[in-house]
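Heads up: the structure comes next, in C-alpha cells.
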Amino acid sequence: MRRRSASVSSRSFADWPLLLRRLIRAAEIECPPGHAQALQELTALALHKVPARGIFDPAARGEDELFAAIDSVARAHLELADARASWRTALDALNVDLDRRDEIERAALQVQSVSDTAYFYAGLAFGLTFSSLCRPV
C-alpha cells in the first residue's frame with residue numbers, strides 16, 4: 001500500500017504559497033466580517049482537492065462531501081442560516097397554497113443557481129487570469 005503524504009490543507013497557514021497568504025490577509029482588511037475566514041477555509045479545501053480533481057464544477061453530481069463542506073463554511077462565516085430563515089419567513093408570510101409556494105421556490109432556486117454559476121465562473125476566470133499573470137514566462 002502506498003503512503004500518502006500530508007495533505008496541503010493540513011499544513012499551517014504559514015506554509016501556504018505566499019500569494020494565497022497575501023490574498024487572505026487582504027481579505028481580512030478589505031472584506032466584510034467572516035468573509036476572510038470563509039475564503040481561508042475554502043482555500044484550504046481547494047488546496048486539498050485541486051491536486052486530485054482539478055477545478056470545482058458547481059454543476060457536478062456526486063459531490064455531496066464537498067458541497068457539505070462549502071455549506072458548512074457558508075453557515076459558519078457568511079450567515080447562510082440567517083438568510084435561509086429570512087427566506088422561510090418571507091414564504092410563510094405569502095400565505096399561498098403549497099403548489100404556488102413550490103412554483104415560487106423553484107423559480108427562486110433557478111435564479112440563484114444561474115447567478116451562483118455566473119459568479120463562480122467569474123471568480124474562476126479572475127483567479128486563473130491573476131495566476132497566469134503572476135507566473136514567470
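Each chain in the C-alpha cells gets a letter, A, B, ..., in the order shown, and its residues are numbered from 1; ligands are numbered from 1 in order too.
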| request: Write out as a VMD selection string which residues come within 12 Å of A:Glu65 when counting only C-alpha atoms, dropping same-chain ones fewer than 6 positions away. | output: chain A and resid 45 49 71 to 72
| message | Please return, as a VMD selection string, all residues of chain A that DSSP assigns to helix (DSSP H, G or I) on the basis of the backbone. | response | chain A and resid 8 to 10 13 to 15 18 to 30 35 to 53 64 to 77 80 to 94 98 to 134
For C-alpha atoms, I'd like the residues from the last selection saved as a compact mmCIF listing (two decimals), in the first residue's frame.
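Contents of the output file selection05.txt:
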```
# COMPACT_ATOMS: atom_id res chain seq x y z
CA VAL A 8 -1.72 20.60 1.77
CA SER A 9 -4.71 21.64 3.89
CA SER A 10 -3.14 20.05 6.97
CA PHE A 13 -1.18 28.76 7.11
CA ALA A 14 2.46 29.91 7.21
CA ASP A 15 3.35 27.04 4.84
CA LEU A 18 2.82 33.34 -0.47
CA LEU A 19 0.23 34.56 -2.97
CA LEU A 20 -2.59 32.74 -1.16
CA ARG A 21 -1.46 34.06 2.22
CA ARG A 22 -1.40 37.60 0.85
CA LEU A 23 -4.90 37.23 -0.61
CA ILE A 24 -6.27 36.02 2.72
CA ARG A 25 -4.57 38.88 4.59
CA ALA A 26 -6.01 41.39 2.10
CA ALA A 27 -9.45 39.89 2.59
CA GLU A 28 -9.09 40.32 6.35
CA ILE A 29 -8.65 44.05 5.75
CA GLU A 30 -10.99 44.66 2.82
CA HIS A 35 -15.53 36.62 4.58
CA ALA A 36 -11.77 36.24 5.05
CA GLN A 37 -12.34 33.23 7.30
CA ALA A 38 -14.64 31.73 4.69
CA LEU A 39 -12.06 32.37 1.97
CA GLN A 40 -9.33 30.81 4.09
CA GLU A 41 -11.37 27.68 4.81
CA LEU A 42 -12.43 27.33 1.17
CA THR A 43 -8.84 27.84 0.05
CA ALA A 44 -7.70 25.09 2.44
CA LEU A 45 -10.37 22.86 0.92
CA ALA A 46 -9.21 23.78 -2.59
CA LEU A 47 -5.57 23.14 -1.71
CA HIS A 48 -6.61 19.68 -0.60
CA LYS A 49 -8.94 18.88 -3.51
CA VAL A 50 -7.44 20.59 -6.57
CA PRO A 51 -4.33 18.39 -6.94
CA ALA A 52 -6.51 15.29 -7.18
CA ARG A 53 -9.52 16.57 -9.09
CA ASP A 64 -22.03 15.62 -1.52
CA GLU A 65 -18.99 15.77 0.79
CA LEU A 66 -17.61 18.82 -1.00
CA PHE A 67 -20.98 20.58 -1.09
CA ALA A 68 -21.46 19.86 2.63
CA ALA A 69 -18.06 21.41 3.39
CA ILE A 70 -18.89 24.53 1.36
CA ASP A 71 -22.31 24.77 3.02
CA SER A 72 -20.69 24.47 6.44
CA VAL A 73 -18.35 27.39 5.68
CA ALA A 74 -21.30 29.47 4.44
CA ARG A 75 -23.22 28.77 7.65
CA ALA A 76 -20.21 29.47 9.87
CA HIS A 77 -18.95 32.66 8.24
CA LEU A 80 -26.36 31.29 5.44
CA ALA A 81 -28.64 30.10 8.26
CA ASP A 82 -29.96 33.64 8.76
CA ALA A 83 -30.55 34.05 5.03
CA ARG A 84 -32.44 30.76 4.86
CA ALA A 85 -34.54 31.71 7.90
CA SER A 86 -35.43 35.04 6.28
CA TRP A 87 -36.43 33.24 3.09
CA ARG A 88 -38.67 30.85 5.03
CA THR A 89 -40.26 33.73 6.91
CA ALA A 90 -40.98 35.55 3.64
CA LEU A 91 -42.53 32.43 2.11
CA ASP A 92 -44.66 31.81 5.16
CA ALA A 93 -45.93 35.40 5.03
CA LEU A 94 -47.22 34.88 1.48
CA LEU A 98 -48.40 24.56 -1.44
CA ASP A 99 -48.36 24.34 -5.27
CA ARG A 100 -47.91 28.09 -5.66
CA ARG A 101 -45.26 28.12 -2.94
CA ASP A 102 -43.36 25.34 -4.78
CA GLU A 103 -43.50 27.34 -8.02
CA ILE A 104 -42.07 30.38 -6.25
CA GLU A 105 -39.31 28.30 -4.63
CA ARG A 106 -38.38 26.62 -7.94
CA ALA A 107 -38.18 29.98 -9.70
CA ALA A 108 -36.07 31.49 -6.93
CA LEU A 109 -33.75 28.48 -6.92
CA GLN A 110 -33.32 28.71 -10.70
CA VAL A 111 -32.39 32.39 -10.47
CA GLN A 112 -29.98 31.68 -7.60
CA SER A 113 -28.42 28.75 -9.45
CA VAL A 114 -27.75 30.78 -12.58
CA SER A 115 -26.36 33.68 -10.54
CA ASP A 116 -24.15 31.38 -8.45
CA THR A 117 -22.80 29.72 -11.59
CA ALA A 118 -22.04 33.07 -13.22
CA TYR A 119 -20.22 34.34 -10.13
CA PHE A 120 -18.34 31.06 -9.79
CA TYR A 121 -17.08 31.22 -13.37
CA ALA A 122 -16.23 34.91 -12.99
CA GLY A 123 -14.20 34.08 -9.87
CA LEU A 124 -12.51 31.21 -11.66
CA ALA A 125 -11.70 33.39 -14.66
CA PHE A 126 -10.27 36.15 -12.48
CA GLY A 127 -8.28 33.64 -10.41
CA LEU A 128 -6.86 31.88 -13.44
CA THR A 129 -6.06 35.18 -15.12
CA PHE A 130 -4.37 36.51 -11.99
CA SER A 131 -2.41 33.28 -11.64
CA SER A 132 -1.28 33.34 -15.26
CA LEU A 133 -0.13 36.96 -14.97
CA CYS A 134 1.93 36.17 -11.86
```
| said: For a quick check of understanding, using only C-alpha atoms, which of A:Ala60, A:Trp16, A:Asp97, A:Leu78 has the smallest distance to A:Pro32? | reply: A:Leu78
